[in-house]
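Chemist: Enclosed is the structure file query.txt (compact mmCIF, C-alpha atoms (C1' of nucleotides)).
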# COMPACT_ATOMS: atom_id res chain seq x y z
CA MET A 30 -65.47 -21.12 -17.12
CA THR A 31 -64.97 -18.11 -19.31
CA ASP A 32 -64.70 -20.51 -22.22
CA THR A 33 -68.24 -21.83 -21.94
CA ARG A 34 -69.55 -18.30 -21.79
CA ARG A 35 -67.68 -17.60 -24.99
CA ARG A 36 -69.21 -20.61 -26.65
CA ASP A 37 -72.66 -19.70 -25.40
CA ILE A 38 -72.30 -16.35 -27.09
CA LEU A 39 -71.14 -17.94 -30.33
CA GLY A 40 -74.04 -20.38 -30.28
CA ALA A 41 -76.53 -17.63 -29.54
CA THR A 42 -75.09 -15.61 -32.39
CA ALA A 43 -75.55 -18.52 -34.77
CA THR A 44 -79.13 -18.94 -33.60
CA ALA A 45 -79.81 -15.25 -34.00
CA ILE A 46 -78.42 -15.23 -37.53
CA ALA A 47 -80.52 -18.27 -38.39
CA GLU A 48 -83.69 -16.69 -37.05
CA ARG A 49 -83.30 -13.02 -37.96
CA GLY A 50 -80.95 -13.14 -40.93
CA LEU A 51 -77.36 -11.96 -41.15
CA CYS A 52 -78.12 -8.29 -41.73
CA GLU A 53 -80.82 -7.96 -39.09
CA THR A 54 -78.85 -9.57 -36.30
CA ARG A 55 -77.95 -7.05 -33.61
CA ILE A 56 -75.68 -7.40 -30.65
CA ALA A 57 -78.72 -6.91 -28.46
CA ASP A 58 -80.32 -10.02 -30.01
CA VAL A 59 -77.33 -12.11 -29.07
CA ALA A 60 -77.16 -10.70 -25.54
CA GLU A 61 -80.84 -11.31 -25.02
CA ARG A 62 -80.54 -14.95 -26.03
CA VAL A 63 -77.65 -15.54 -23.64
CA GLY A 64 -79.35 -13.53 -20.92
CA VAL A 65 -76.57 -11.00 -20.44
CA SER A 66 -76.02 -7.35 -21.21
CA PRO A 67 -74.98 -6.22 -24.68
CA ALA A 68 -71.81 -4.82 -23.19
CA LEU A 69 -70.67 -8.28 -22.18
CA VAL A 70 -70.80 -9.50 -25.76
CA LEU A 71 -68.35 -6.76 -26.66
CA TYR A 72 -66.27 -7.80 -23.66
CA TYR A 73 -65.63 -11.16 -25.31
CA PHE A 74 -65.46 -10.00 -28.92
CA PRO A 75 -63.75 -6.86 -30.11
CA THR A 76 -66.41 -5.93 -32.63
CA LYS A 77 -69.69 -7.03 -34.11
CA ALA A 78 -68.09 -8.17 -37.36
CA ALA A 79 -65.63 -10.36 -35.46
CA LEU A 80 -68.51 -11.88 -33.51
CA LEU A 81 -70.39 -12.77 -36.67
CA THR A 82 -67.46 -14.34 -38.48
CA ASP A 83 -66.36 -16.26 -35.38
CA ALA A 84 -69.88 -17.60 -34.91
CA LEU A 85 -70.10 -18.77 -38.51
CA ILE A 86 -66.76 -20.55 -38.31
CA TYR A 87 -67.64 -22.01 -34.93
CA LEU A 88 -70.83 -23.64 -36.12
CA ASP A 89 -69.30 -24.88 -39.34
CA ARG A 90 -66.50 -26.52 -37.42
CA LEU A 91 -68.99 -28.15 -35.05
CA PHE A 92 -70.79 -29.60 -38.05
CA TYR A 93 -67.64 -31.04 -39.59
CA GLU A 94 -66.49 -32.52 -36.31
CA SER A 95 -69.86 -34.10 -35.61
CA VAL A 96 -69.91 -35.72 -39.04
CA ALA A 97 -66.30 -36.88 -38.73
CA GLU A 98 -67.18 -38.52 -35.44
CA LYS A 99 -70.12 -40.38 -36.94
CA LEU A 100 -67.99 -41.54 -39.84
CA GLU A 101 -65.55 -43.29 -37.56
CA LYS A 102 -68.22 -45.69 -36.40
CA ALA A 103 -69.02 -47.06 -39.86
CA ALA A 104 -67.35 -50.18 -41.14
CA THR A 105 -67.45 -50.10 -44.94
CA ALA A 106 -66.62 -47.27 -47.29
CA GLU A 107 -70.11 -47.42 -48.71
CA ASP A 108 -71.65 -47.00 -45.26
CA ARG A 109 -69.46 -44.03 -44.61
CA LEU A 110 -70.37 -42.38 -47.87
CA VAL A 111 -74.06 -42.82 -47.15
CA ILE A 112 -73.62 -41.32 -43.69
CA LEU A 113 -71.79 -38.35 -45.15
CA ILE A 114 -74.59 -37.78 -47.61
CA GLU A 115 -77.36 -38.19 -45.05
CA GLU A 116 -75.68 -35.81 -42.66
CA SER A 117 -75.47 -33.27 -45.45
CA CYS A 118 -79.23 -33.08 -45.79
CA PRO A 119 -80.78 -30.11 -43.99
CA LYS A 120 -82.83 -31.08 -40.97
CA GLN A 121 -85.48 -29.32 -38.96
CA THR A 122 -84.11 -28.05 -35.68
CA THR A 123 -86.23 -27.63 -32.60
CA PRO A 124 -86.12 -24.20 -30.96
CA GLY A 125 -83.49 -24.07 -28.27
CA GLU A 126 -80.86 -26.20 -29.95
CA LEU A 127 -78.22 -24.90 -32.32
CA PRO A 128 -79.39 -24.17 -35.85
CA ASP A 129 -78.71 -26.56 -38.69
CA SER A 130 -75.45 -25.38 -40.12
CA TRP A 131 -76.80 -25.38 -43.68
CA VAL A 132 -78.91 -22.42 -42.79
CA LEU A 133 -75.73 -20.46 -42.15
CA TRP A 134 -73.87 -21.35 -45.32
CA PRO A 135 -75.30 -18.54 -47.45
CA ALA A 136 -74.37 -16.08 -44.74
CA THR A 137 -70.87 -17.56 -44.60
CA TRP A 138 -70.44 -17.28 -48.34
CA GLU A 139 -71.79 -13.77 -48.43
CA MET A 140 -69.41 -12.59 -45.73
CA ALA A 141 -66.45 -14.60 -47.00
CA ARG A 142 -66.73 -12.84 -50.35
CA LEU A 143 -65.34 -9.69 -48.80
CA ASP A 144 -63.56 -10.96 -45.69
CA PRO A 145 -60.28 -12.72 -46.53
CA THR A 146 -59.94 -14.18 -43.04
CA LEU A 147 -63.34 -15.83 -43.19
CA ALA A 148 -62.68 -16.91 -46.76
CA ALA A 149 -59.49 -18.65 -45.66
CA ALA A 150 -61.21 -20.39 -42.76
CA ARG A 151 -64.02 -21.55 -45.00
CA ALA A 152 -61.60 -22.83 -47.64
CA ARG A 153 -59.75 -24.78 -44.97
CA LEU A 154 -62.91 -26.46 -43.69
CA ASP A 155 -64.03 -27.22 -47.22
CA GLU A 156 -60.69 -28.76 -48.04
CA ALA A 157 -61.00 -30.98 -44.96
CA TRP A 158 -64.50 -31.96 -46.04
CA ARG A 159 -63.35 -32.90 -49.51
CA SER A 160 -60.39 -34.90 -48.26
CA GLN A 161 -62.81 -36.76 -46.02
CA ILE A 162 -64.58 -37.81 -49.21
CA VAL A 163 -61.29 -38.61 -50.89
CA SER A 164 -60.22 -40.98 -48.15
CA ILE A 165 -63.60 -42.73 -48.16
CA VAL A 166 -63.34 -43.27 -51.90
CA GLU A 167 -59.74 -44.47 -51.71
CA ASP A 168 -60.67 -46.93 -48.98
CA GLY A 169 -63.53 -48.19 -51.10
CA VAL A 170 -61.33 -48.57 -54.13
CA SER A 171 -58.65 -50.52 -52.33
CA SER A 172 -61.23 -52.75 -50.62
CA GLY A 173 -62.86 -53.43 -53.97
CA GLU A 174 -66.18 -51.82 -53.03
CA PHE A 175 -65.75 -49.06 -55.58
CA VAL A 176 -64.49 -48.85 -59.12
CA ASP A 177 -61.16 -47.06 -59.50
CA VAL A 178 -61.96 -43.38 -60.12
CA ASP A 179 -60.20 -40.06 -59.68
CA ALA A 180 -61.03 -39.55 -56.02
CA LYS A 181 -60.08 -35.89 -56.03
CA ASP A 182 -62.34 -35.02 -58.95
CA PHE A 183 -65.19 -37.00 -57.47
CA SER A 184 -64.82 -35.32 -54.10
CA ILE A 185 -65.13 -31.88 -55.62
CA GLN A 186 -68.13 -32.90 -57.68
CA LEU A 187 -69.95 -34.56 -54.82
CA ALA A 188 -69.23 -31.76 -52.38
CA ALA A 189 -70.47 -29.21 -54.90
CA MET A 190 -73.60 -31.20 -55.65
CA LEU A 191 -74.38 -31.54 -51.94
CA ASP A 192 -73.99 -27.80 -51.48
CA GLY A 193 -76.25 -27.04 -54.39
CA LEU A 194 -78.92 -29.54 -53.37
CA ALA A 195 -78.82 -28.37 -49.77
CA ILE A 196 -79.52 -24.81 -50.86
CA GLU A 197 -82.69 -25.89 -52.61
CA ALA A 198 -83.80 -28.10 -49.77
CA MET A 199 -83.09 -25.44 -47.18
CA LEU A 200 -85.03 -22.82 -49.12
CA GLY A 201 -88.01 -25.12 -49.30
CA ASP A 202 -87.90 -25.62 -53.06
CA PRO A 203 -90.85 -27.92 -53.78
CA THR A 204 -88.85 -30.08 -56.20
CA VAL A 205 -86.00 -30.86 -53.80
CA ASP A 206 -86.67 -31.83 -50.22
CA ALA A 207 -84.22 -33.65 -47.95
CA GLU A 208 -85.43 -37.04 -49.12
CA ARG A 209 -85.00 -36.29 -52.81
CA MET A 210 -81.67 -34.64 -52.15
CA SER A 211 -80.33 -37.75 -50.50
CA GLN A 212 -81.63 -39.92 -53.30
CA LEU A 213 -80.08 -37.80 -56.05
CA ALA A 214 -76.71 -37.58 -54.33
CA ARG A 215 -76.63 -41.31 -53.75
CA SER A 216 -77.59 -42.06 -57.31
CA PHE A 217 -74.76 -39.87 -58.53
CA ALA A 218 -72.28 -41.60 -56.25
CA ARG A 219 -73.51 -45.02 -57.33
CA ALA A 220 -73.26 -44.15 -61.02
CA VAL A 221 -69.66 -43.07 -60.64
CA LEU A 222 -68.36 -45.55 -58.10
CA LYS A 223 -70.08 -48.71 -59.25
CA ARG A 224 -69.16 -50.40 -62.51
CA GLY A 225 -67.75 -47.05 -63.79
CA MET B 295 -88.09 7.24 -69.49
CA THR B 296 -88.91 6.51 -65.91
CA ASP B 297 -88.30 2.86 -66.69
CA THR B 298 -84.63 3.28 -67.54
CA ARG B 299 -84.12 5.25 -64.36
CA ARG B 300 -85.67 2.39 -62.47
CA ARG B 301 -83.35 -0.08 -64.12
CA ASP B 302 -80.36 2.13 -63.49
CA ILE B 303 -81.18 2.10 -59.81
CA LEU B 304 -81.58 -1.68 -59.81
CA GLY B 305 -78.26 -2.12 -61.60
CA ALA B 306 -76.52 0.27 -59.24
CA THR B 307 -77.96 -1.61 -56.30
CA ALA B 308 -76.62 -4.88 -57.64
CA THR B 309 -73.20 -3.31 -58.11
CA ALA B 310 -73.25 -1.87 -54.62
CA ILE B 311 -74.16 -5.23 -53.10
CA ALA B 312 -71.40 -6.89 -55.08
CA GLU B 313 -68.81 -4.36 -53.96
CA ARG B 314 -69.84 -3.61 -50.37
CA GLY B 315 -71.74 -6.73 -49.37
CA LEU B 316 -75.42 -7.14 -48.67
CA CYS B 317 -75.37 -5.86 -45.09
CA GLU B 318 -73.15 -2.86 -45.74
CA THR B 319 -75.07 -1.54 -48.71
CA ARG B 320 -76.79 1.75 -47.91
CA ILE B 321 -79.30 3.70 -49.90
CA ALA B 322 -76.71 6.47 -50.15
CA ASP B 323 -74.34 4.05 -51.94
CA VAL B 324 -76.93 3.33 -54.56
CA ALA B 325 -77.84 6.98 -55.04
CA GLU B 326 -74.19 7.93 -55.37
CA ARG B 327 -73.63 5.37 -58.09
CA VAL B 328 -76.60 6.58 -60.10
CA GLY B 329 -75.73 10.21 -59.45
CA VAL B 330 -79.00 11.15 -57.81
CA SER B 331 -80.18 12.01 -54.34
CA PRO B 332 -80.97 9.27 -51.81
CA ALA B 333 -84.53 10.53 -51.70
CA LEU B 334 -85.05 9.62 -55.33
CA VAL B 335 -84.23 6.01 -54.67
CA LEU B 336 -87.05 5.92 -52.15
CA TYR B 337 -89.24 7.61 -54.75
CA TYR B 338 -88.94 4.55 -56.96
CA PHE B 339 -88.89 1.90 -54.25
CA PRO B 340 -91.05 1.92 -51.14
CA THR B 341 -88.35 0.71 -48.81
CA LYS B 342 -84.76 -0.40 -48.67
CA ALA B 343 -85.66 -4.07 -48.32
CA ALA B 344 -87.83 -3.91 -51.43
CA LEU B 345 -84.98 -2.28 -53.32
CA LEU B 346 -82.57 -5.04 -52.37
CA THR B 347 -84.87 -7.92 -53.25
CA ASP B 348 -85.92 -6.30 -56.52
CA ALA B 349 -82.30 -5.77 -57.48
CA LEU B 350 -81.39 -9.38 -56.78
CA ILE B 351 -84.30 -10.68 -58.83
CA TYR B 352 -83.55 -8.20 -61.60
CA LEU B 353 -79.96 -9.31 -62.06
CA ASP B 354 -80.79 -12.98 -61.79
CA ARG B 355 -83.41 -12.60 -64.48
CA LEU B 356 -80.96 -10.75 -66.72
CA PHE B 357 -78.55 -13.63 -66.34
CA TYR B 358 -81.10 -16.27 -67.24
CA GLU B 359 -82.32 -14.32 -70.24
CA SER B 360 -78.82 -13.72 -71.52
CA VAL B 361 -78.02 -17.42 -71.33
CA ALA B 362 -81.32 -18.38 -72.91
CA GLU B 363 -80.54 -16.07 -75.81
CA LYS B 364 -77.11 -17.60 -76.34
CA LEU B 365 -78.58 -21.09 -76.25
CA GLU B 366 -80.88 -20.37 -79.17
CA LYS B 367 -77.93 -19.88 -81.46
CA ALA B 368 -76.45 -23.33 -80.92
CA ALA B 369 -77.27 -26.20 -83.26
CA THR B 370 -76.73 -29.42 -81.38
CA ALA B 371 -77.82 -30.39 -77.90
CA GLU B 372 -74.22 -30.99 -76.92
CA ASP B 373 -73.23 -27.47 -77.99
CA ARG B 374 -76.06 -26.04 -75.97
CA LEU B 375 -75.10 -27.97 -72.89
CA VAL B 376 -71.52 -26.78 -73.15
CA ILE B 377 -72.68 -23.19 -73.52
CA LEU B 378 -74.90 -23.52 -70.49
CA ILE B 379 -71.99 -24.83 -68.47
CA GLU B 380 -69.54 -22.22 -69.70
CA GLU B 381 -71.94 -19.41 -68.97
CA SER B 382 -72.34 -20.74 -65.47
CA CYS B 383 -68.69 -20.21 -64.66
CA PRO B 384 -68.01 -16.99 -62.73
CA LYS B 385 -66.19 -14.36 -64.75
CA GLN B 386 -64.23 -11.28 -63.83
CA THR B 387 -66.24 -8.14 -64.47
CA THR B 388 -64.66 -4.83 -65.30
CA PRO B 389 -65.67 -1.90 -63.11
CA GLY B 390 -68.61 -0.04 -64.59
CA GLU B 391 -70.48 -3.00 -65.97
CA LEU B 392 -73.01 -5.03 -64.04
CA PRO B 393 -71.57 -7.53 -61.58
CA ASP B 394 -71.39 -11.21 -62.40
CA SER B 395 -74.63 -12.62 -61.09
CA TRP B 396 -72.87 -15.43 -59.24
CA VAL B 397 -71.55 -12.90 -56.82
CA LEU B 398 -75.12 -12.14 -55.80
CA TRP B 399 -76.34 -15.68 -55.30
CA PRO B 400 -75.27 -15.99 -51.68
CA ALA B 401 -77.02 -12.72 -50.94
CA THR B 402 -80.13 -13.97 -52.73
CA TRP B 403 -80.15 -17.20 -50.76
CA GLU B 404 -79.54 -15.44 -47.48
CA MET B 405 -82.43 -13.04 -48.05
CA ALA B 406 -84.73 -15.66 -49.56
CA ARG B 407 -84.42 -17.74 -46.40
CA LEU B 408 -86.62 -15.28 -44.56
CA ASP B 409 -88.46 -13.50 -47.38
CA PRO B 410 -91.18 -15.68 -48.92
CA THR B 411 -91.63 -13.36 -51.90
CA LEU B 412 -87.97 -13.53 -52.83
CA ALA B 413 -87.95 -17.26 -52.16
CA ALA B 414 -90.82 -17.74 -54.59
CA ALA B 415 -89.16 -15.62 -57.28
CA ARG B 416 -85.92 -17.52 -56.87
CA ALA B 417 -87.67 -20.87 -57.03
CA ARG B 418 -89.38 -19.80 -60.24
CA LEU B 419 -86.13 -18.78 -61.91
CA ASP B 420 -84.45 -21.96 -60.77
CA GLU B 421 -87.27 -24.05 -62.13
CA ALA B 422 -86.89 -22.29 -65.48
CA TRP B 423 -83.16 -22.95 -65.39
CA ARG B 424 -83.67 -26.63 -64.72
CA SER B 425 -86.28 -27.02 -67.41
CA GLN B 426 -83.82 -25.41 -69.79
CA ILE B 427 -81.49 -28.29 -68.98
CA VAL B 428 -84.32 -30.79 -69.29
CA SER B 429 -85.20 -29.66 -72.79
CA ILE B 430 -81.57 -29.76 -73.88
CA VAL B 431 -81.24 -33.32 -72.62
CA GLU B 432 -84.51 -34.41 -74.20
CA ASP B 433 -83.46 -32.95 -77.53
CA GLY B 434 -80.15 -34.75 -77.27
CA VAL B 435 -81.84 -38.02 -76.44
CA SER B 436 -84.26 -37.86 -79.33
CA SER B 437 -81.51 -36.85 -81.75
CA GLY B 438 -79.37 -39.73 -80.55
CA GLU B 439 -76.61 -37.51 -79.19
CA PHE B 440 -77.25 -38.60 -75.63
CA VAL B 441 -78.11 -41.84 -73.94
CA ASP B 442 -81.64 -42.05 -72.59
CA VAL B 443 -81.55 -40.83 -69.00
CA ASP B 444 -83.99 -39.33 -66.53
CA ALA B 445 -83.76 -35.73 -67.71
CA LYS B 446 -85.41 -34.30 -64.63
CA ASP B 447 -83.03 -36.01 -62.22
CA PHE B 448 -80.04 -35.02 -64.27
CA SER B 449 -81.15 -31.40 -64.46
CA ILE B 450 -81.39 -31.14 -60.69
CA GLN B 451 -78.01 -32.77 -60.24
CA LEU B 452 -76.25 -30.64 -62.81
CA ALA B 453 -77.83 -27.40 -61.62
CA ALA B 454 -76.84 -28.22 -58.05
CA MET B 455 -73.30 -29.10 -59.03
CA LEU B 456 -72.94 -25.88 -61.00
CA ASP B 457 -74.15 -23.87 -58.00
CA GLY B 458 -71.73 -25.61 -55.69
CA LEU B 459 -68.78 -25.29 -58.02
CA ALA B 460 -69.55 -21.64 -58.73
CA ILE B 461 -69.46 -20.86 -55.02
CA GLU B 462 -65.95 -22.23 -54.72
CA ALA B 463 -64.77 -20.51 -57.86
CA MET B 464 -66.32 -17.20 -56.86
CA LEU B 465 -64.74 -17.33 -53.42
CA GLY B 466 -61.34 -17.90 -54.97
CA ASP B 467 -60.88 -21.41 -53.63
CA PRO B 468 -57.47 -22.47 -54.94
CA THR B 469 -58.65 -25.94 -55.91
CA VAL B 470 -61.56 -24.79 -58.09
CA ASP B 471 -61.15 -21.96 -60.56
CA ALA B 472 -63.44 -21.30 -63.51
CA GLU B 473 -61.41 -23.58 -65.77
CA ARG B 474 -61.53 -26.54 -63.41
CA MET B 475 -65.19 -25.92 -62.71
CA SER B 476 -66.05 -26.14 -66.37
CA GLN B 477 -63.99 -29.28 -66.77
CA LEU B 478 -65.60 -31.05 -63.81
CA ALA B 479 -69.13 -30.15 -64.85
CA ARG B 480 -68.50 -31.31 -68.40
CA SER B 481 -66.96 -34.56 -67.23
CA PHE B 482 -70.04 -35.24 -65.09
CA ALA B 483 -72.36 -34.54 -68.00
CA ARG B 484 -70.33 -36.72 -70.29
CA ALA B 485 -70.30 -39.61 -67.83
CA VAL B 486 -74.06 -39.56 -67.51
CA LEU B 487 -75.12 -38.70 -71.06
CA LYS B 488 -72.66 -40.75 -73.06
CA ARG B 489 -72.82 -44.53 -73.12
CA GLY B 490 -74.56 -44.43 -69.71
C1' DG C 184 -99.60 30.50 -71.95
C1' DC C 185 -101.66 27.83 -68.15
C1' DC C 186 -102.43 23.60 -65.52
C1' DA C 187 -101.24 19.23 -63.96
C1' DA C 188 -98.49 15.46 -63.57
C1' DT C 189 -94.01 13.76 -63.08
C1' DC C 190 -89.29 13.80 -61.61
C1' DC C 191 -86.32 15.28 -58.40
C1' DT C 192 -83.93 17.59 -54.38
C1' DG C 193 -82.37 19.58 -49.71
C1' DA C 194 -83.10 19.50 -45.30
C1' DA C 195 -84.75 17.81 -41.25
C1' DC C 196 -86.26 14.14 -38.23
C1' DG C 197 -86.18 10.26 -35.48
C1' DG C 198 -84.48 6.53 -33.68
C1' DC C 199 -81.62 3.01 -33.29
C1' DA C 200 -77.47 0.23 -32.59
C1' DG C 201 -72.47 -0.25 -31.94
C1' DT C 202 -69.26 1.15 -28.87
C1' DT C 203 -67.17 3.18 -24.58
C1' DC C 204 -66.49 3.69 -19.80
C1' DA C 205 -66.58 4.07 -14.99
C1' DG C 206 -67.58 1.29 -11.48
C1' DC C 207 -69.79 -2.73 -8.81
C1' DG C 208 -69.55 -7.41 -7.03
C1' DT C 209 -67.11 -11.61 -6.30
C1' DA C 210 -63.71 -15.06 -6.12
C1' DC C 211 -59.25 -16.13 -5.50
C1' DC C 212 -54.60 -15.43 -3.80
C1' DT C 213 -51.37 -14.19 -0.02
C1' DA D 209 -58.38 -9.47 5.99
C1' DG D 210 -56.71 -6.89 2.10
C1' DG D 211 -55.87 -6.60 -2.53
C1' DT D 212 -56.23 -7.79 -7.19
C1' DA D 213 -57.95 -9.71 -11.26
C1' DC D 214 -61.92 -10.89 -13.60
C1' DG D 215 -66.70 -10.94 -15.10
C1' DC D 216 -70.23 -8.09 -15.66
C1' DT D 217 -73.54 -4.11 -15.94
C1' DG D 218 -76.11 0.51 -16.67
C1' DA D 219 -75.95 4.39 -18.77
C1' DA D 220 -74.48 7.54 -21.87
C1' DC D 221 -72.60 8.87 -26.29
C1' DT D 222 -72.47 9.41 -31.01
C1' DG D 223 -72.89 9.09 -35.47
C1' DC D 224 -75.29 7.29 -38.88
C1' DC D 225 -78.99 6.01 -42.01
C1' DG D 226 -83.70 5.14 -43.47
C1' DT D 227 -87.49 7.78 -44.15
C1' DT D 228 -90.51 11.93 -44.70
C1' DC D 229 -91.96 16.17 -46.57
C1' DA D 230 -92.56 20.50 -48.59
C1' DG D 231 -91.52 22.40 -52.50
C1' DG D 232 -88.62 23.48 -56.98
C1' DA D 233 -87.92 22.26 -61.86
C1' DT D 234 -89.39 20.29 -66.15
C1' DT D 235 -92.42 18.34 -69.32
C1' DG D 236 -96.54 17.69 -71.97
C1' DG D 237 -101.39 18.38 -72.91
C1' DC D 238 -105.04 21.72 -73.99
As structure tokens, how would this structure be written, given the file I've shared?
Modeler:
Amino acid sequence: MTDTRRRDILGATATAIAERGLCETRIADVAERVGVSPALVLYYFPTKAALLTDALIYLDRLFYESVAEKLEKAATAEDRLVILIEESCPKQTTPGELPDSWVLWPATWEMARLDPTLAAARARLDEAWRSQIVSIVEDGVSSGEFVDVDAKDFSIQLAAMLDGLAIEAMLGDPTVDAERMSQLARSFARAVLKRG
Amino acid sequence: MTDTRRRDILGATATAIAERGLCETRIADVAERVGVSPALVLYYFPTKAALLTDALIYLDRLFYESVAEKLEKAATAEDRLVILIEESCPKQTTPGELPDSWVLWPATWEMARLDPTLAAARARLDEAWRSQIVSIVEDGVSSGEFVDVDAKDFSIQLAAMLDGLAIEAMLGDPTVDAERMSQLARSFARAVLKRG
DNA sequence: GCCAATCCTGAACGGCAGTTCAGCGTACCT
DNA sequence: AGGTACGCTGAACTGCCGTTCAGGATTGGC
């Protein structure tokens, strides 16, 4: 079960970054959380930088997959869009479970700026996220739920707006909490997709 | 002229963060860029963390003030909104000048997550940014340029969308460059503010 | 011309954190 | 039972980097 150990380390790294910040996270923090020696962390990952980038990608992918799974259960395009928006709102996480992936986005962006590999991975996930939106919109258009709009443009706009709102909500900006974020994103979607 | 020296250090810190990344920036990097000894940097700032947060706030404030200045020169509300959007698009900076402030936003967010002082400063600047948008919209509404909309809601949505788009553009995402970013933001504004 | 404040530096310190490595236990294979 | 591969650790190494400090230069006031 060397694979679960690997995932434990990645999860612990994500938690450590969430709690201590990207710059302050040490290998010892990760080891402590897993309950192993620092040397073991370097046994699974060649270097600290590789550990950090792998952990960021790991958690982001988990997030996308969990949302994708939830989307499959919804019947109408409108339901699916609402789910996608709701899932995008930062939530409080109880200690012990994996951190909300929004907390790690700034760290991902900051590292991706100077790490082409991470940048490519992030771009790939983001493209998948946007095409998720595109297919929801196209379904809604062909079923008559939505007005005919440029799905690609809308997907970029909505994804960007969700990112921007999530930043505010995550940072505890008093004017944008999770509730208001969801409301604003839905009102934007409604304005575009209903009676265009 | 101890004040210019202080600003030089802040500018050099911003440049160093932009070039080396938040975590990899050392006091020696800053000192080297200014052409002074590392000890002098600590003469002006009590600690490395204080230096970093001050530099982030400094550059963000410069950005806001520069945009505010440009906005005063425009006649119509529509012109001002376009300027605000254009200025929000990441630009290439030539070596030697201060970095584009978008490059530093992820670092700001990452630090603000765990630093209440920086979080408060960021929230204040963001609030000013949004109320800039609010006053543009209100002017446009009263002059008849724009349809009557909820200016506050729109300002949050537009600011969030600009943040999100700028992240993609800054990271070199192939689907969103500065040109496309500007076009998408303007199309959103047009859809909301014209014949709503 | 002297004193004090300010700006600035070189050098040393102190400690920490990433990384390496030799080796221990254990499980599995033959 | 013997050997081998794997998972894992403790301990040491090493180089770096933030921080401190004692003091040199320069300026400006009196």
Chemist: Excluding stretch 197-205 of chain C and any residue of its chain fewer than 2 positions from it, enumerate the residues within 8 Å of it, using only C-alpha atoms (C1' of nucleotides), and give them as number ranges by chain.
Modeler: A: 55-56, 77
Chemist: Please find the residues of chain A near chain C - the criterion being any atom within 12 Å, counting all atoms listed in the file - and write them as an mmCIF file with C-alpha atoms, keeping the file's coordinate frame.
Modeler:
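Output file out14.cif is given in full below:
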data_model
loop_
_atom_site.group_PDB
_atom_site.id
_atom_site.type_symbol
_atom_site.label_atom_id
_atom_site.label_comp_id
_atom_site.auth_asym_id
_atom_site.auth_seq_id
_atom_site.Cartn_x
_atom_site.Cartn_y
_atom_site.Cartn_z
ATOM 1 C CA GLU A 53 -80.820 -7.960 -39.090
ATOM 2 C CA THR A 54 -78.850 -9.570 -36.300
ATOM 3 C CA ARG A 55 -77.950 -7.050 -33.610
ATOM 4 C CA ILE A 56 -75.680 -7.400 -30.650
ATOM 5 C CA ALA A 57 -78.720 -6.910 -28.460
ATOM 6 C CA ASP A 58 -80.320 -10.020 -30.010
ATOM 7 C CA PRO A 67 -74.980 -6.220 -24.680
ATOM 8 C CA ALA A 68 -71.810 -4.820 -23.190
ATOM 9 C CA LEU A 69 -70.670 -8.280 -22.180
ATOM 10 C CA VAL A 70 -70.800 -9.500 -25.760
ATOM 11 C CA LEU A 71 -68.350 -6.760 -26.660
ATOM 12 C CA TYR A 72 -66.270 -7.800 -23.660
ATOM 13 C CA PHE A 74 -65.460 -10.000 -28.920
ATOM 14 C CA PRO A 75 -63.750 -6.860 -30.110
ATOM 15 C CA THR A 76 -66.410 -5.930 -32.630
ATOM 16 C CA LYS A 77 -69.690 -7.030 -34.110
ATOM 17 C CA ALA A 78 -68.090 -8.170 -37.360
#
Chemist: Counting all atoms listed in the file, collect the residues of chain B whose closest atom lies at most 9 Å from chain A, and write them out as JSON, numbers by chain.
Modeler: {"B": [312, 313, 314, 315, 316, 317, 318, 397, 398, 399, 400, 401, 402, 403, 404, 405, 406, 407, 408, 413, 414, 417, 421, 447, 448, 450, 451, 452, 453, 454, 455, 456, 457, 458, 459, 460, 461, 462, 464, 465, 466, 467, 468, 469, 470, 478, 479, 482, 485, 486, 490]}
Chemist: One number please: atom CA of A:Ala60 to atom CA of A:Ala150, in Å, one decimal.
Modeler: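 Computing the Euclidean distance for atom CA of A:Ala60 and atom CA of A:Ala150 yields 25.4 Å.
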Chemist: For chain D, which residues have at least one atom within 10 Å of chain A, if we go by only C-alpha atoms (C1' of nucleotides)? Write them as a list in words, please.
Modeler: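 Result, ordered by chain then number: DC214, DG215, DC216, DT217 and DG218 of chain D.
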Chemist: Would you output that residue set with C-alpha atoms (C1' of nucleotides), as a compact mmCIF listing (two decimals), in the coordinates of the input?
Modeler:
# COMPACT_ATOMS: atom_id res chain seq x y z
C1' DC D 214 -61.92 -10.89 -13.60
C1' DG D 215 -66.70 -10.94 -15.10
C1' DC D 216 -70.23 -8.09 -15.66
C1' DT D 217 -73.54 -4.11 -15.94
C1' DG D 218 -76.11 0.51 -16.67
Chemist: In Å, how far is it from atom CA of B:Ile427 to atom CA of A:Cys118?
Modeler: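 Between atom CA of B:Ile427 and atom CA of A:Cys118 the gap works out to 23.8 Å.
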Chemist: Provide an axis-aligned box for all listed atoms of stretch 187-197 of chain C, padding each side by 5 Å; report its centre and its edge lengths in Å to one decimal, as JSON.
Modeler:
{"center_x": -91.8, "center_y": 14.9, "center_z": -49.7, "size_x": 28.9, "size_y": 19.3, "size_z": 38.5}
Chemist: I'd like the interatomic distance between atom CA of B:Leu392 and atom CA of B:Leu365, to a tenth of an Å.
Modeler: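 Distance between the two atoms: 20.9 Å.
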Chemist: Which residue, B:Asp348, B:Glu432, B:Asp394, B:Glu366, has the smallest gap to B:Thr411 when you use all atoms listed in the file?
Modeler: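 When distances to B:Thr411 are compared using all atoms listed in the file, the smallest one comes from B:Asp348.
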Chemist: Point out the residue among B:Leu487, B:Ala445, B:Ala472, B:Ala306 with the least atom-to-atom distance to B:Leu345, counting only C-alpha atoms.
Modeler: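 Closest to B:Leu345 of all the choices is B:Ala306.
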